[in-house]
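Peer 1: Below you'll find the structure I mean.
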Amino acid sequence: MRNLLVRRPDFIVLLLTGYFLLEFAVRMSMPDGLRYDEAQQAFFSQWLALGYDSQPPLYNWFQAAVVSVFDLSMTTIAAVKNLVLLLVYLSYYKLARILLQDRLFAVIATLSLLTIPQLFWEAQRDLTHTVAQMLAINLLLYGIVKTLKAPSLKSYVVVGLALGLGMLTKYNFALIAVAALVAVWLHPDGRARIFDRRFLLSIAIAALLFLPHALWLLDNFAVASGRTLGIMEQDAPNGALAKLIQGPFKFLRLAVVIVAPTFVVYAIVFGKSFLRNLRSTTVWTRFFDVIFVTIAVIVLVLIVAIGMTALRDRWLLPFLFLVPIYFCLKMQAAGIRPENFARRFLVVPLVMMALIPTALFVRVNFPTLFGSYQAYNVPYATFAEKVVAEEGKTPGLIMTNDWLAAGNMRLQMSHTTVMSLFFANLTLDYNWTSEKPVLLVWLSTKDAPPAPSALRQWVGQNLGTQYSGFDARLMAVPYARGRPDDMQYFGYAWIYPTRPTN
């Protein structure tokens with residue numbers, strides 16, 4: 001495989017396609033319990049809305065469109081995720097191809113993504129909007145580089161599409177947009193490209209794409225910003241000086257954690273000269289220097305301005321996943337011949353391509369080996385089957401207190417309306433009759449209180465106070481692929497508008 005990639009670098013397209021088909025097959029072999037981001041997509045697929053929550057809606061729209069054609073299933077959830085991930089890698093290769101003179105360097109840069117744990121592991125198990133954002137970043141930089149090298153109407157259209165779609169992936173896409181604008185301004189040909197009348201077309205396309213969601217954002221700013229700002233301020237110290245120290249320290253620590261594995265691999269592969277070669281510069285290494293520095297400055301300003309102390313690696317990943325291209329640009333500038341190192345480097349990603357799906361398969365399908373269970377092992381399918389069989393009725397509405405249960409119940413009963421208290425802004429009409437009762441569902445424990453107070457409050461406010469004293473039940477269901485005695489407890493209650501007649 002290594003020799004084939006060295007001889008035919010474009011074989012990477014087939015290699016990556018095969019890899020993500022394997023990842024799709026692994027996901028389909030696992031229990032169909034959904035993790036948080038998967039559950040959110042299953043839940044949101046009931047709506048095609050201009051906005052949903054604290055994230056822009058592009059990934060949600062794509063998932064909902066696929067579900068509308070093929071129905072909701074584990075297949076449609078897993079297929080969308082792996083398709084978008086494949087497009088991230090392929091677009092990264094396309095970007096690397098136009099920046100790096102040797103295709104083999106483009107292969108090295110692209111397969112280096114398999115040295116970033118937040119991308120090869122976390123993005124595979126979770127992360128939806130972040131994955132879409134990385135795809136948009138690749139598209140934006142591709143359009144910018146093409147415009148700087150050989151401007152055309154097509155390249156300006158690509159820039160506009162990327163800007164508009166990017167702002168529909170995650171709001172912090174604005175950071176890369178600003179940083180890229182600064183980098184273009186400082187590029188030798190950049191100002192001419194910015195003052196080109198065709199750039200107005202880019203702006204117009206971007207504005208038109210983002211406008212519908214922007215109007216929703218104006219009316220729902222609290223929904224869009226409140227949760228994210230709350231997370232950023234979690235566990236923040238009381239003193240202003242402590243905040244000023246803690247925020248930048250966490251930012252730098254996360255940046256090092258994300259970049260360190262790739263740095264170590266390159267240091268081993270390219271040897272002692274790697275650090276010396278990082279001093280080499282070209283127009284394109286300076287272009288990325290400006291992007292990285294501008295983003296760092298903006299983030300540090302935000303940390304100081306709003307007291308942001310709780311940072312997450314998924315927030316920095318979309319900017320730092322560009323580092324492999326940057327490293328390869330440095331190697332190219334130093335005159336390094338990639339064929340001298342490619343075979344040694346390719347051992348790492350090829351081994352990772354075997355280890356990652358194997359580790360995921362074993363961890364989920366054999367949880368007893370590790371003494372703990374994953375979200376995948378929570379037996380929603382068995383619970384849904386048993387609770388319906390026990391009552392002999394199909395619910396007209398399933399109401400939950402969190403989106404994890406909501407998304408999973410939606411997957412199991414895809415033609416039943418599901419709502420969640422966590423997303424009180426998202427509502428649907430539903431049938432509530434003796435033949436279509438309301439089913440309340442929540443994750444519980446053996447000794448937990450009978451029902452969450454928030455659900456009782458919802459019942460009183462929406463169904464009538466006479467129903468708020470409903471009887472809660474508890475069902476113990478064995479974990480999927482677990483020991484027979486290891487149980488997940490589900491709380492539930494059926495609520496009828498009138499008592500059903502026998």
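So you can find residues: chains in the structure tokens are A, B, ... in the order shown, residues in each start at 1, and ligands are numbered from 1 in order.
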Leaving out segment 260-265 of chain A and any residue of its chain fewer than 2 positions from it, which residues lie within 10 Å of it when counting only C-alpha atoms, given as a PyMOL selection string?
Peer 2: chain A and resi 112-117+254-258+267-271+274-275+321+323-324+327+345+348
Peer 1: Report as a JSON list (two decimals) with N, CA and C atoms, in the first residue's frame: the residues of segment 316-467 of chain A with a DSSP assignment of helix (DSSP H, G or I), based on the backbone of this structure.
Peer 2:
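The resulting file, out.json, is reproduced below:
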[["chain", "number", "residue", "atom", "x", "y", "z"],
["A", 316, "LEU", "N", -11.34, 24.57, 18.80],
["A", 316, "LEU", "CA", -10.07, 24.93, 18.17],
["A", 316, "LEU", "C", -9.70, 24.01, 17.02],
["A", 317, "LEU", "N", -10.26, 22.79, 17.01],
["A", 317, "LEU", "CA", -9.93, 21.82, 15.97],
["A", 317, "LEU", "C", -10.09, 22.37, 14.55],
["A", 318, "PRO", "N", -11.18, 23.08, 14.22],
["A", 318, "PRO", "CA", -11.34, 23.54, 12.83],
["A", 318, "PRO", "C", -10.26, 24.51, 12.35],
["A", 319, "PHE", "N", -9.51, 25.08, 13.26],
["A", 319, "PHE", "CA", -8.42, 25.98, 12.86],
["A", 319, "PHE", "C", -7.08, 25.23, 12.84],
["A", 320, "LEU", "N", -6.89, 24.35, 13.80],
["A", 320, "LEU", "CA", -5.60, 23.68, 13.93],
["A", 320, "LEU", "C", -5.47, 22.45, 13.04],
["A", 323, "VAL", "N", -2.77, 22.53, 10.32],
["A", 323, "VAL", "CA", -1.34, 22.46, 10.64],
["A", 323, "VAL", "C", -0.57, 21.49, 9.74],
["A", 324, "PRO", "N", -1.09, 20.29, 9.41],
["A", 324, "PRO", "CA", -0.31, 19.40, 8.52],
["A", 324, "PRO", "C", 0.04, 20.03, 7.17],
["A", 325, "ILE", "N", -0.88, 20.77, 6.57],
["A", 325, "ILE", "CA", -0.55, 21.46, 5.32],
["A", 325, "ILE", "C", 0.56, 22.48, 5.57],
["A", 326, "TYR", "N", 0.46, 23.17, 6.69],
["A", 326, "TYR", "CA", 1.47, 24.17, 7.05],
["A", 326, "TYR", "C", 2.84, 23.51, 7.22],
["A", 327, "PHE", "N", 2.90, 22.39, 7.93],
["A", 327, "PHE", "CA", 4.17, 21.68, 8.11],
["A", 327, "PHE", "C", 4.74, 21.26, 6.75],
["A", 328, "CYS", "N", 3.90, 20.73, 5.87],
["A", 328, "CYS", "CA", 4.38, 20.27, 4.57],
["A", 328, "CYS", "C", 4.85, 21.44, 3.70],
["A", 329, "LEU", "N", 4.19, 22.58, 3.82],
["A", 329, "LEU", "CA", 4.67, 23.77, 3.12],
["A", 329, "LEU", "C", 6.06, 24.15, 3.60],
["A", 330, "LYS", "N", 6.29, 24.01, 4.90],
["A", 330, "LYS", "CA", 7.61, 24.30, 5.46],
["A", 330, "LYS", "C", 8.66, 23.32, 4.92],
["A", 331, "MET", "N", 8.30, 22.03, 4.86],
["A", 331, "MET", "CA", 9.24, 21.03, 4.34],
["A", 331, "MET", "C", 9.54, 21.30, 2.87],
["A", 332, "GLN", "N", 8.52, 21.66, 2.14],
["A", 332, "GLN", "CA", 8.71, 21.97, 0.72],
["A", 332, "GLN", "C", 9.62, 23.18, 0.56],
["A", 333, "ALA", "N", 9.41, 24.20, 1.37],
["A", 333, "ALA", "CA", 10.24, 25.40, 1.29],
["A", 333, "ALA", "C", 11.70, 25.10, 1.61],
["A", 338, "PRO", "N", 9.79, 14.60, -0.68],
["A", 338, "PRO", "CA", 8.88, 13.76, 0.09],
["A", 338, "PRO", "C", 9.09, 12.28, -0.13],
["A", 339, "GLU", "N", 9.55, 11.87, -1.32],
["A", 339, "GLU", "CA", 9.72, 10.43, -1.55],
["A", 339, "GLU", "C", 10.77, 9.82, -0.63],
["A", 340, "ASN", "N", 11.68, 10.65, -0.09],
["A", 340, "ASN", "CA", 12.70, 10.14, 0.82],
["A", 340, "ASN", "C", 12.12, 9.78, 2.19],
["A", 342, "ALA", "N", 8.35, 9.41, 2.60],
["A", 342, "ALA", "CA", 6.95, 9.01, 2.49],
["A", 342, "ALA", "C", 6.70, 7.62, 3.03],
["A", 343, "ARG", "N", 7.54, 6.65, 2.65],
["A", 343, "ARG", "CA", 7.29, 5.28, 3.09],
["A", 343, "ARG", "C", 7.37, 5.15, 4.60],
["A", 344, "ARG", "N", 8.30, 5.88, 5.21],
["A", 344, "ARG", "CA", 8.40, 5.84, 6.67],
["A", 344, "ARG", "C", 7.17, 6.49, 7.31],
["A", 345, "PHE", "N", 6.72, 7.62, 6.75],
["A", 345, "PHE", "CA", 5.55, 8.30, 7.31],
["A", 345, "PHE", "C", 4.28, 7.48, 7.14],
["A", 346, "LEU", "N", 4.08, 6.88, 5.98],
["A", 346, "LEU", "CA", 2.81, 6.22, 5.66],
["A", 346, "LEU", "C", 2.51, 5.06, 6.58],
["A", 347, "VAL", "N", 3.51, 4.54, 7.26],
["A", 347, "VAL", "CA", 3.26, 3.48, 8.24],
["A", 347, "VAL", "C", 2.25, 3.94, 9.29],
["A", 348, "VAL", "N", 2.39, 5.19, 9.73],
["A", 348, "VAL", "CA", 1.54, 5.71, 10.81],
["A", 348, "VAL", "C", 0.07, 5.78, 10.41],
["A", 349, "PRO", "N", -0.31, 6.50, 9.34],
["A", 349, "PRO", "CA", -1.74, 6.55, 9.00],
["A", 349, "PRO", "C", -2.32, 5.20, 8.59],
["A", 350, "LEU", "N", -1.55, 4.37, 7.93],
["A", 350, "LEU", "CA", -2.08, 3.07, 7.53],
["A", 350, "LEU", "C", -2.35, 2.18, 8.74],
["A", 351, "VAL", "N", -1.47, 2.25, 9.73],
["A", 351, "VAL", "CA", -1.72, 1.52, 10.98],
["A", 351, "VAL", "C", -2.95, 2.08, 11.68],
["A", 352, "MET", "N", -3.07, 3.41, 11.69],
["A", 352, "MET", "CA", -4.23, 4.04, 12.33],
["A", 352, "MET", "C", -5.52, 3.64, 11.63],
["A", 353, "MET", "N", -5.49, 3.49, 10.33],
["A", 353, "MET", "CA", -6.68, 3.08, 9.58],
["A", 353, "MET", "C", -7.15, 1.68, 9.98],
["A", 354, "ALA", "N", -6.23, 0.88, 10.45],
["A", 354, "ALA", "CA", -6.61, -0.45, 10.93],
["A", 354, "ALA", "C", -7.02, -0.41, 12.40],
["A", 355, "LEU", "N", -6.31, 0.39, 13.19],
["A", 355, "LEU", "CA", -6.54, 0.40, 14.64],
["A", 355, "LEU", "C", -7.83, 1.12, 15.03],
["A", 356, "ILE", "N", -8.14, 2.24, 14.36],
["A", 356, "ILE", "CA", -9.28, 3.06, 14.80],
["A", 356, "ILE", "C", -10.60, 2.31, 14.69],
["A", 357, "PRO", "N", -10.97, 1.76, 13.52],
["A", 357, "PRO", "CA", -12.23, 1.02, 13.47],
["A", 357, "PRO", "C", -12.22, -0.23, 14.35],
["A", 358, "THR", "N", -11.06, -0.86, 14.49],
["A", 358, "THR", "CA", -10.97, -2.04, 15.35],
["A", 358, "THR", "C", -11.23, -1.66, 16.80],
["A", 359, "ALA", "N", -10.61, -0.57, 17.25],
["A", 359, "ALA", "CA", -10.80, -0.12, 18.63],
["A", 359, "ALA", "C", -12.25, 0.26, 18.89],
["A", 360, "LEU", "N", -12.88, 0.94, 17.94],
["A", 360, "LEU", "CA", -14.27, 1.33, 18.10],
["A", 360, "LEU", "C", -15.18, 0.11, 18.14],
["A", 361, "PHE", "N", -14.93, -0.83, 17.27],
["A", 361, "PHE", "CA", -15.73, -2.06, 17.22],
["A", 361, "PHE", "C", -15.62, -2.84, 18.53],
["A", 362, "VAL", "N", -14.40, -3.03, 19.01],
["A", 362, "VAL", "CA", -14.19, -3.82, 20.22],
["A", 362, "VAL", "C", -14.74, -3.09, 21.44],
["A", 363, "ARG", "N", -14.49, -1.78, 21.54],
["A", 363, "ARG", "CA", -14.93, -1.04, 22.73],
["A", 363, "ARG", "C", -16.43, -1.07, 22.92],
["A", 364, "VAL", "N", -17.18, -1.02, 21.82],
["A", 364, "VAL", "CA", -18.63, -0.95, 21.92],
["A", 364, "VAL", "C", -19.27, -2.34, 21.94],
["A", 365, "ASN", "N", -18.76, -3.24, 21.13],
["A", 365, "ASN", "CA", -19.39, -4.56, 21.03],
["A", 365, "ASN", "C", -18.96, -5.52, 22.12],
["A", 367, "PRO", "N", -18.24, -4.48, 25.66],
["A", 367, "PRO", "CA", -18.06, -3.53, 26.76],
["A", 367, "PRO", "C", -17.65, -4.18, 28.07],
["A", 368, "THR", "N", -17.98, -5.45, 28.24],
["A", 368, "THR", "CA", -17.64, -6.11, 29.51],
["A", 368, "THR", "C", -16.13, -6.25, 29.69],
["A", 369, "LEU", "N", -15.38, -6.18, 28.60],
["A", 369, "LEU", "CA", -13.92, -6.25, 28.71],
["A", 369, "LEU", "C", -13.36, -5.00, 29.38],
["A", 375, "ALA", "N", -22.64, 5.10, 25.35],
["A", 375, "ALA", "CA", -24.00, 5.51, 24.98],
["A", 375, "ALA", "C", -24.59, 4.56, 23.95],
["A", 376, "TYR", "N", -23.74, 3.97, 23.11],
["A", 376, "TYR", "CA", -24.22, 3.03, 22.11],
["A", 376, "TYR", "C", -24.92, 1.82, 22.74],
["A", 377, "ASN", "N", -24.52, 1.47, 23.95],
["A", 377, "ASN", "CA", -25.03, 0.25, 24.59],
["A", 377, "ASN", "C", -26.33, 0.46, 25.35],
["A", 380, "TYR", "N", -32.23, 1.40, 24.12],
["A", 380, "TYR", "CA", -33.47, 2.10, 23.77],
["A", 380, "TYR", "C", -34.39, 1.22, 22.92],
["A", 381, "ALA", "N", -33.81, 0.44, 22.01],
["A", 381, "ALA", "CA", -34.63, -0.39, 21.13],
["A", 381, "ALA", "C", -35.45, -1.38, 21.93],
["A", 382, "THR", "N", -34.81, -2.05, 22.88],
["A", 382, "THR", "CA", -35.52, -3.02, 23.71],
["A", 382, "THR", "C", -36.57, -2.35, 24.57],
["A", 383, "PHE", "N", -36.21, -1.20, 25.13],
["A", 383, "PHE", "CA", -37.17, -0.47, 25.95],
["A", 383, "PHE", "C", -38.39, -0.06, 25.13],
["A", 384, "ALA", "N", -38.17, 0.51, 23.94],
["A", 384, "ALA", "CA", -39.28, 0.95, 23.11],
["A", 384, "ALA", "C", -40.19, -0.20, 22.75],
["A", 385, "GLU", "N", -39.61, -1.33, 22.43],
["A", 385, "GLU", "CA", -40.41, -2.52, 22.08],
["A", 385, "GLU", "C", -41.23, -2.99, 23.27],
["A", 386, "LYS", "N", -40.60, -3.04, 24.44],
["A", 386, "LYS", "CA", -41.29, -3.55, 25.63],
["A", 386, "LYS", "C", -42.37, -2.60, 26.12],
["A", 387, "VAL", "N", -42.10, -1.30, 26.10],
["A", 387, "VAL", "CA", -43.06, -0.36, 26.66],
["A", 387, "VAL", "C", -44.33, -0.30, 25.80],
["A", 388, "VAL", "N", -44.17, -0.43, 24.50],
["A", 388, "VAL", "CA", -45.33, -0.44, 23.61],
["A", 388, "VAL", "C", -46.10, -1.75, 23.74],
["A", 389, "ALA", "N", -45.37, -2.88, 23.82],
["A", 389, "ALA", "CA", -46.02, -4.17, 23.96],
["A", 389, "ALA", "C", -46.77, -4.27, 25.29],
["A", 390, "GLU", "N", -46.18, -3.71, 26.35],
["A", 390, "GLU", "CA", -46.79, -3.75, 27.67],
["A", 390, "GLU", "C", -48.11, -2.99, 27.70],
["A", 391, "GLU", "N", -48.16, -1.85, 27.03],
["A", 391, "GLU", "CA", -49.36, -1.02, 27.05],
["A", 391, "GLU", "C", -50.34, -1.39, 25.95],
["A", 403, "TRP", "N", -32.34, 15.80, 25.37],
["A", 403, "TRP", "CA", -32.35, 15.47, 23.94],
["A", 403, "TRP", "C", -31.74, 14.10, 23.67],
["A", 404, "LEU", "N", -30.93, 13.56, 24.58],
["A", 404, "LEU", "CA", -30.35, 12.23, 24.35],
["A", 404, "LEU", "C", -31.46, 11.19, 24.26],
["A", 405, "ALA", "N", -32.37, 11.21, 25.25],
["A", 405, "ALA", "CA", -33.50, 10.29, 25.22],
["A", 405, "ALA", "C", -34.42, 10.61, 24.05],
["A", 406, "ALA", "N", -34.61, 11.90, 23.76],
["A", 406, "ALA", "CA", -35.52, 12.30, 22.68],
["A", 406, "ALA", "C", -35.04, 11.77, 21.33],
["A", 407, "GLY", "N", -33.76, 11.97, 21.02],
["A", 407, "GLY", "CA", -33.24, 11.50, 19.74],
["A", 407, "GLY", "C", -33.28, 9.99, 19.62],
["A", 408, "ASN", "N", -32.96, 9.31, 20.70],
["A", 408, "ASN", "CA", -32.99, 7.84, 20.66],
["A", 408, "ASN", "C", -34.40, 7.30, 20.52],
["A", 409, "MET", "N", -35.35, 7.89, 21.21],
["A", 409, "MET", "CA", -36.73, 7.44, 21.07],
["A", 409, "MET", "C", -37.27, 7.77, 19.68],
["A", 410, "ARG", "N", -36.85, 8.87, 19.12],
["A", 410, "ARG", "CA", -37.25, 9.22, 17.77],
["A", 410, "ARG", "C", -36.72, 8.19, 16.77],
["A", 411, "LEU", "N", -35.46, 7.74, 16.98],
["A", 411, "LEU", "CA", -34.90, 6.72, 16.09],
["A", 411, "LEU", "C", -35.70, 5.43, 16.16],
["A", 412, "GLN", "N", -36.11, 5.04, 17.38],
["A", 412, "GLN", "CA", -36.83, 3.78, 17.56],
["A", 412, "GLN", "C", -38.28, 3.87, 17.10],
["A", 421, "LEU", "N", -37.95, 18.80, 26.69],
["A", 421, "LEU", "CA", -37.92, 20.03, 27.48],
["A", 421, "LEU", "C", -36.63, 20.81, 27.25],
["A", 422, "PHE", "N", -35.57, 20.10, 26.84],
["A", 422, "PHE", "CA", -34.29, 20.76, 26.63],
["A", 422, "PHE", "C", -34.38, 21.76, 25.48],
["A", 423, "PHE", "N", -35.21, 21.45, 24.48],
["A", 423, "PHE", "CA", -35.43, 22.35, 23.35],
["A", 423, "PHE", "C", -36.89, 22.78, 23.35],
["A", 453, "SER", "N", -39.28, 16.62, 38.13],
["A", 453, "SER", "CA", -40.29, 17.63, 38.42],
["A", 453, "SER", "C", -40.62, 18.47, 37.19],
["A", 454, "ALA", "N", -39.63, 18.65, 36.30],
["A", 454, "ALA", "CA", -39.86, 19.44, 35.09],
["A", 454, "ALA", "C", -40.90, 18.79, 34.19],
["A", 455, "LEU", "N", -40.90, 17.47, 34.14],
["A", 455, "LEU", "CA", -41.90, 16.78, 33.33],
["A", 455, "LEU", "C", -43.29, 16.91, 33.95],
["A", 456, "ARG", "N", -43.36, 16.82, 35.27],
["A", 456, "ARG", "CA", -44.66, 17.01, 35.93],
["A", 456, "ARG", "C", -45.18, 18.42, 35.68],
["A", 457, "GLN", "N", -44.28, 19.38, 35.71],
["A", 457, "GLN", "CA", -44.68, 20.76, 35.46],
["A", 457, "GLN", "C", -45.19, 20.92, 34.03],
["A", 458, "TRP", "N", -44.50, 20.28, 33.07],
["A", 458, "TRP", "CA", -44.94, 20.36, 31.67],
["A", 458, "TRP", "C", -46.33, 19.77, 31.51],
["A", 459, "VAL", "N", -46.55, 18.62, 32.15],
["A", 459, "VAL", "CA", -47.86, 17.98, 32.06],
["A", 459, "VAL", "C", -48.95, 18.90, 32.60],
["A", 460, "GLY", "N", -48.69, 19.51, 33.74],
["A", 460, "GLY", "CA", -49.69, 20.40, 34.33],
["A", 460, "GLY", "C", -49.99, 21.60, 33.46],
["A", 461, "GLN", "N", -48.96, 22.15, 32.81],
["A", 461, "GLN", "CA", -49.14, 23.34, 32.00],
["A", 461, "GLN", "C", -49.73, 23.05, 30.63],
["A", 462, "ASN", "N", -49.47, 21.86, 30.08],
["A", 462, "ASN", "CA", -49.86, 21.58, 28.70],
["A", 462, "ASN", "C", -51.00, 20.57, 28.56],
["A", 465, "THR", "N", -53.71, 20.38, 34.88],
["A", 465, "THR", "CA", -53.20, 20.10, 36.23],
["A", 465, "THR", "C", -53.72, 18.80, 36.79],
["A", 466, "GLN", "N", -54.87, 18.34, 36.32],
["A", 466, "GLN", "CA", -55.43, 17.09, 36.83],
["A", 466, "GLN", "C", -54.59, 15.88, 36.45],
["A", 467, "TYR", "N", -53.67, 16.06, 35.47],
["A", 467, "TYR", "CA", -52.83, 14.94, 35.03],
["A", 467, "TYR", "C", -51.43, 14.98, 35.64]]
Peer 1: Quick one: DSSP strand (DSSP E) residues in segment 293-404 of chain A, as a ChimeraX atom specification?
Peer 2: /A:397-400
Peer 1: Set the distance at 9 Å and use only C-alpha atoms: which residues neighbour segment 126-141 of chain A once local chain neighbours fewer than 2 positions away are removed? I'd like the list as a ChimeraX atom specification.
Peer 2: /A:35-38,41,55-60,81,84-85,87-89,91-92,94-95,119,121-124,143-146,158-163,165-170,173,176-177,180,314-315,317-319,321-322
Peer 1: May I have the residues within 8 Å of Pro395 of chain A as a list in words, using only C-alpha atoms and disregarding those fewer than 6 positions away in the same chain?
Peer 2: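 The residues satisfying every condition are Thr416, Glu435, Lys436, Pro437, Val438 and Leu439 of chain A.
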Peer 1: Please list as a PyMOL selection string every residue within 10 Å of segment 444-452 of chain A, counting only C-alpha atoms and excluding residues in the same chain fewer than 6 positions away.
Peer 2: chain A and resi 400-401+470-476+487-493
Peer 1: Work out how far atom CA of Ala78 of chain A is from atom CA of Tyr430 of chain A, in Å to one decimal.
Peer 2: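 Atom-to-atom, atom CA of Tyr430 of chain A to atom CA of Ala78 of chain A, that is 28.1 Å.
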Peer 1: Have a look at atom CA of Asp486 of chain A and atom CA of Tyr373 of chain A and let me know their distance in Å, one decimal.
Peer 2: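 Value for the atom CA of Asp486 of chain A-atom CA of Tyr373 of chain A distance: 9.7 Å.
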Peer 1: With only C-alpha atoms as the counted atoms, please give the residues lying no more than 10 Å from Ala25 of chain A, apart from itself and same-chain residues fewer than 4 positions off, as a PyMOL selection string.
Peer 2: chain A and resi 19-21+29-30+75+78-79+357+361
Peer 1: Create the file for the chosen residues now, containing N, CA and C atoms and written as a compact mmCIF listing (two decimals), in the first residue's frame.
Peer 2:
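Final file, part_16.txt:
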# COMPACT_ATOMS: atom_id res chain seq x y z
N TYR A 19 -11.82 3.49 3.47
CA TYR A 19 -11.71 3.64 4.92
C TYR A 19 -13.04 4.07 5.53
N PHE A 20 -13.69 5.05 4.92
CA PHE A 20 -14.95 5.52 5.51
C PHE A 20 -16.11 4.57 5.24
N LEU A 21 -16.01 3.76 4.20
CA LEU A 21 -16.98 2.67 4.05
C LEU A 21 -16.81 1.66 5.18
N SER A 29 -22.48 -2.20 12.64
CA SER A 29 -22.33 -3.43 13.40
C SER A 29 -22.55 -3.22 14.90
N MET A 30 -22.59 -1.96 15.32
CA MET A 30 -22.71 -1.64 16.74
C MET A 30 -24.17 -1.50 17.12
N THR A 75 -28.90 3.80 9.48
CA THR A 75 -28.20 3.89 8.20
C THR A 75 -28.08 5.34 7.75
N ALA A 78 -25.60 7.30 10.12
CA ALA A 78 -24.20 6.93 9.93
C ALA A 78 -23.70 7.30 8.53
N ALA A 79 -24.57 7.18 7.53
CA ALA A 79 -24.15 7.48 6.17
C ALA A 79 -23.83 8.96 6.01
N PRO A 357 -10.97 1.76 13.52
CA PRO A 357 -12.23 1.02 13.47
C PRO A 357 -12.22 -0.23 14.35
N PHE A 361 -14.93 -0.83 17.27
CA PHE A 361 -15.73 -2.06 17.22
C PHE A 361 -15.62 -2.84 18.53
Peer 1: Between A:Val299, A:Val441, A:Leu397, A:Leu218, which one has atoms that come closest to Leu311 of chain A, using only C-alpha atoms?
Peer 2: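 Between A:Val299, A:Val441, A:Leu397, A:Leu218, the residue approaching Leu311 of chain A most closely is A:Val299.
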Peer 1: Give me, as an NGL selection string, all polymer residues having an atom no more than 8 Å from segment 188-202 of chain A, counting only C-alpha atoms and skipping those fewer than 2 positions away in the same chain.
Peer 2: :A and (147-148 or 151 or 153 or 156-161 or 184-186 or 204-206)
Peer 1: Store the residues picked out above, limited to C-alpha atoms, as a PDB file, in the first residue's frame.
Peer 2:
ATOM      1  CA  THR A 147      -8.408  33.435  -6.637  1.00  0.00           C
ATOM      2  CA  LEU A 148      -4.943  34.580  -5.552  1.00  0.00           C
ATOM      3  CA  PRO A 151      -8.675  34.878 -10.379  1.00  0.00           C
ATOM      4  CA  LEU A 153     -15.562  34.416 -11.889  1.00  0.00           C
ATOM      5  CA  TYR A 156     -15.005  34.286  -6.632  1.00  0.00           C
ATOM      6  CA  VAL A 157     -18.275  32.315  -6.680  1.00  0.00           C
ATOM      7  CA  VAL A 158     -16.570  29.509  -4.739  1.00  0.00           C
ATOM      8  CA  VAL A 159     -15.382  32.020  -2.138  1.00  0.00           C
ATOM      9  CA  GLY A 160     -18.906  33.405  -1.777  1.00  0.00           C
ATOM     10  CA  LEU A 161     -20.466  29.957  -1.461  1.00  0.00           C
ATOM     11  CA  VAL A 184      -5.246  37.898   1.704  1.00  0.00           C
ATOM     12  CA  TRP A 185      -4.698  41.604   2.417  1.00  0.00           C
ATOM     13  CA  LEU A 186      -1.053  40.899   3.319  1.00  0.00           C
ATOM     14  CA  ALA A 204     -23.525  39.051  -2.202  1.00  0.00           C
ATOM     15  CA  ILE A 205     -23.645  35.253  -2.481  1.00  0.00           C
ATOM     16  CA  ALA A 206     -22.482  34.839   1.115  1.00  0.00           C
TER      17      ALA A 206
END
